[in-house]
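Just below is one structure, and these are the notes that go with it.
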Amino acid sequence: MISRSAIGGNAQLALRRQCCVKPANRRGLAAAVSGSTSFSYDTADVGGVKVASRDVTGPTTKLAVVAKAGTRYQSAPGLTTGLEQFAFKNTNKRSALRITRESELLGGQLTSYHTREALVIEAKFLREDLPYFTELLGEVITQTKYTAHEYHEEVEHVIKLNQKKLLGNVSELAINSAHGVAFHRGLGTPLYPSSSTPLSKYLNESSIAQFASSAYAKPNIAVVANGASQTELAKWVGEFFTEVPSSSASTLSSEATKYFGGEERIAHDGGNSLVIAFPGSSSFTAGSSYKPEIAVLAALLGGKSSIKWSPGFSLLSKAASTFPGASAATTHFAYSDAGLLSIQFSGSASAIRNASSEAVKALKSISDGSISKEDFTKAVASAKYNALEEGQNIEAGLVATGAGLVHGGKAFQIDQIGKSIEGVSADKLKSVPKALLEGKATISAVGDLYVLPYAEELGLKI
């Protein structure tokens, strides 16, 4: 059994509370738990660190450091995923084994992941253990040892596995391709480096450490919690994040996003996927550049039914019978200064060819005003629900809020986004696909290129 001398001070206190309290005095799940039922975030600045919390009632807490270190901001391929993999490795204070043992003794869960704009270092734990895990996350971003043996024995191996996983996933290849065609650099950088990327030229423990010194600085991070009071969170962030640098070692530069559009075709014998994409809207946290009508358009196009035994109201789900053997899904990828409205098809190449043609017809019918009032009402309701569900979702709300704060925006406030979607009119919706079809589209085809259509065959401009 692990000795208590091997456990940090805050972990010892937490373990003592759990092990030594009398059973009669232990709080049951049915007992009152601090917190509220509000899904709004409280924000503050604590010694230069942006802090946000949503004190949702419950016995558990999710805490994350959201850093402005997504693939958009990496100065060389693989730096973001390399930094992600070094999270919770050896630090100047604790070994990776000690971090694992202490967290397990407290029932905690630790993870890290990244998006195109953010790197997230996350912990989930019992509400009463907030001090320990706040200290741990502060330690991870300021005192991690970026050692050669850990890089070559563990981190590099995981990166190569991610490369192989990406190579075999035609849907992910198509989405990454669409981002690259639409935005080129910045947001166009793939989430994971391709298998042909010469990583040894760019990536090692030293380059990752240098990237960390730029990413993990006060202007580039936000600490976000679900299930913790703002007072408590601010208190412990003020104590355990004092060693975070006030400025970056070097500037994380990314030019303002510009949409280009175009076409890319990738031969692949592991399946078929086609993406038709157009410029979308920035995220709600970006402020005035947010366009709620894009969310309504995505809901109206749809592709999959949300009601059992029903084909669904969306235009693509209604048309599904015309392209058996293919599936369609409309997704809006929202970022801090841009967005990408994507319609993705998967299945047999011939079925995708028919489905993509139906999608273009659907866009034209919306721009012509051929949509019924009932379908429009359903689309607004669906878009509102999807947005509110995402905001209510602890994971999505946490990342959206953190990313919004580090990009100079605002927290994800669930009530405000619902009102903005309700304000979309039929005329405003009608104008969106008309403008999209008149502009340049983005087309990415992966699979059987002999059958998969070109943009001009679909009547799209590139």
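Labels for the structure tokens follow display order: chains A, B, ..., residues from 1 in each chain, ligands from 1.
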
Next on the checklist: Need the shell around Ala338 of chain A: protein/DNA/RNA residues with any atom at most 10 Å away, counting only C-alpha atoms. Skip same-chain ones fewer than 6 positions apart. Format as JSON, numbers by chain?
Outcome noted: {"A": [183, 187, 256, 257, 258, 259, 279, 280, 281, 282, 283, 286, 289, 290]}

Next on the checklist: DSSP on the backbone: which residues in segment 231-444 of chain A end up as helix (DSSP H, G or I)? Give the answer as a VMD selection string.
Outcome noted: chain A and resid 231 to 240 284 to 286 292 to 301 315 to 322 349 to 367 373 to 392 394 to 406 414 to 422 426 to 438

Give me, as a compact mmCIF listing (two decimals) with C-alpha atoms, in the first residue's frame, all polymer residues having an atom no more than 8 Å from Ala234 of chain A, counting only C-alpha atoms and skipping those fewer than 2 positions away in the same chain.
# COMPACT_ATOMS: atom_id res chain seq x y z
CA ALA A 44 -13.05 36.85 -13.13
CA VAL A 46 -7.20 36.27 -10.79
CA VAL A 51 -11.15 32.18 -14.49
CA GLN A 230 -16.31 31.11 -8.18
CA THR A 231 -15.04 32.14 -4.74
CA GLU A 232 -13.38 28.78 -4.06
CA TRP A 236 -7.07 28.18 -5.19
CA VAL A 237 -6.09 29.54 -8.61
CA GLY A 238 -4.65 32.57 -6.82

Next on the checklist: When DSSP is applied to the backbone of this structure, which of segment 174-285 of chain A are assigned strand (DSSP E or B)? Write them out as a PyMOL selection string.
Outcome noted: chain A and resi 221-226+262-267+273-279

For N, CA and C atoms, I'd like the residues from the last selection saved as a tab-separated table (two decimals), in the first residue's frame.
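Output file out.tsv follows:
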chain	number	residue	atom	x	y	z
A	221	ILE	N	-4.08	31.34	-21.29
A	221	ILE	CA	-4.79	30.26	-20.61
A	221	ILE	C	-6.04	30.78	-19.90
A	222	ALA	N	-6.98	29.88	-19.70
A	222	ALA	CA	-8.16	30.14	-18.88
A	222	ALA	C	-8.39	28.90	-18.03
A	223	VAL	N	-8.77	29.10	-16.78
A	223	VAL	CA	-9.10	28.00	-15.89
A	223	VAL	C	-10.62	27.98	-15.75
A	224	VAL	N	-11.23	26.89	-16.15
A	224	VAL	CA	-12.69	26.79	-16.19
A	224	VAL	C	-13.14	25.59	-15.36
A	225	ALA	N	-14.21	25.78	-14.59
A	225	ALA	CA	-14.71	24.71	-13.74
A	225	ALA	C	-16.22	24.58	-13.86
A	226	ASN	N	-16.69	23.36	-13.78
A	226	ASN	CA	-18.11	23.06	-13.64
A	226	ASN	C	-18.27	22.32	-12.33
A	262	GLY	N	-12.10	25.80	-52.71
A	262	GLY	CA	-11.36	25.05	-53.72
A	262	GLY	C	-11.74	23.58	-53.68
A	263	GLU	N	-10.88	22.74	-54.23
A	263	GLU	CA	-11.20	21.31	-54.34
A	263	GLU	C	-9.95	20.47	-54.14
A	264	GLU	N	-10.09	19.36	-53.45
A	264	GLU	CA	-9.01	18.39	-53.28
A	264	GLU	C	-9.59	16.99	-53.40
A	265	ARG	N	-8.85	16.11	-54.08
A	265	ARG	CA	-9.30	14.73	-54.27
A	265	ARG	C	-8.19	13.79	-53.85
A	266	ILE	N	-8.51	12.83	-52.97
A	266	ILE	CA	-7.53	11.91	-52.41
A	266	ILE	C	-8.00	10.48	-52.66
A	267	ALA	N	-7.22	9.72	-53.41
A	267	ALA	CA	-7.57	8.33	-53.67
A	267	ALA	C	-7.37	7.49	-52.41
A	273	SER	N	-15.74	9.13	-48.79
A	273	SER	CA	-16.31	10.26	-48.06
A	273	SER	C	-16.18	11.51	-48.91
A	274	LEU	N	-17.23	12.31	-48.89
A	274	LEU	CA	-17.23	13.57	-49.63
A	274	LEU	C	-17.72	14.68	-48.73
A	275	VAL	N	-17.02	15.80	-48.74
A	275	VAL	CA	-17.41	16.96	-47.94
A	275	VAL	C	-17.68	18.13	-48.88
A	276	ILE	N	-18.87	18.70	-48.76
A	276	ILE	CA	-19.21	19.97	-49.41
A	276	ILE	C	-19.29	21.01	-48.30
A	277	ALA	N	-18.48	22.04	-48.37
A	277	ALA	CA	-18.43	23.02	-47.28
A	277	ALA	C	-18.46	24.44	-47.82
A	278	PHE	N	-18.88	25.33	-46.94
A	278	PHE	CA	-18.99	26.76	-47.25
A	278	PHE	C	-18.54	27.56	-46.02
A	279	PRO	N	-18.20	28.84	-46.20
A	279	PRO	CA	-17.85	29.66	-45.03
A	279	PRO	C	-19.03	29.75	-44.07

Item to check | Given only C-alpha atoms as the counted atoms, nearest of A:Gln163, A:Asn220, A:Thr377, A:Ser346 to Leu452 of chain A | outcome: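 Nearest candidate to Leu452 of chain A out of A:Gln163, A:Asn220, A:Thr377, A:Ser346: A:Ser346.
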
Checklist entry - When distances are computed from only C-alpha atoms, which of A:Ala329, A:Ala174, A:Ile462, A:Leu110 shows the smallest separation from Lys440 of chain A? => result A:Ile462

Please identify all polymer residues within 8 Å of Lys304 of chain A, counting only C-alpha atoms, omitting same-chain residues fewer than 2 positions from it, and present them as a tab-separated table (two decimals) with N, CA and C atoms, in the first residue's frame.
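Below you can see around27.tsv, which holds the result:
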chain	number	residue	atom	x	y	z
A	302	GLY	N	-29.69	19.15	-42.18
A	302	GLY	CA	-29.68	17.94	-41.37
A	302	GLY	C	-29.05	16.75	-42.06
A	306	SER	N	-34.03	12.75	-35.78
A	306	SER	CA	-33.91	12.76	-34.32
A	306	SER	C	-35.10	12.07	-33.66
A	311	PRO	N	-38.59	9.55	-40.73
A	311	PRO	CA	-37.47	9.97	-41.58
A	311	PRO	C	-36.89	11.32	-41.16
A	312	GLY	N	-37.65	12.08	-40.35
A	312	GLY	CA	-37.18	13.39	-39.92
A	312	GLY	C	-37.66	14.50	-40.83
A	314	SER	N	-35.71	17.23	-41.72
A	314	SER	CA	-34.65	17.91	-42.46
A	314	SER	C	-34.67	17.50	-43.93
A	316	LEU	N	-32.31	16.73	-46.10
A	316	LEU	CA	-31.50	15.58	-46.51
A	316	LEU	C	-32.04	14.27	-45.96
A	317	SER	N	-32.63	14.31	-44.77
A	317	SER	CA	-33.22	13.07	-44.24
A	317	SER	C	-34.45	12.68	-45.04
A	328	ALA	N	-25.75	11.07	-44.76
A	328	ALA	CA	-25.38	12.49	-44.85
A	328	ALA	C	-25.53	13.14	-43.49
A	329	ALA	N	-24.66	14.08	-43.19
A	329	ALA	CA	-24.73	14.81	-41.92
A	329	ALA	C	-24.21	16.22	-42.12
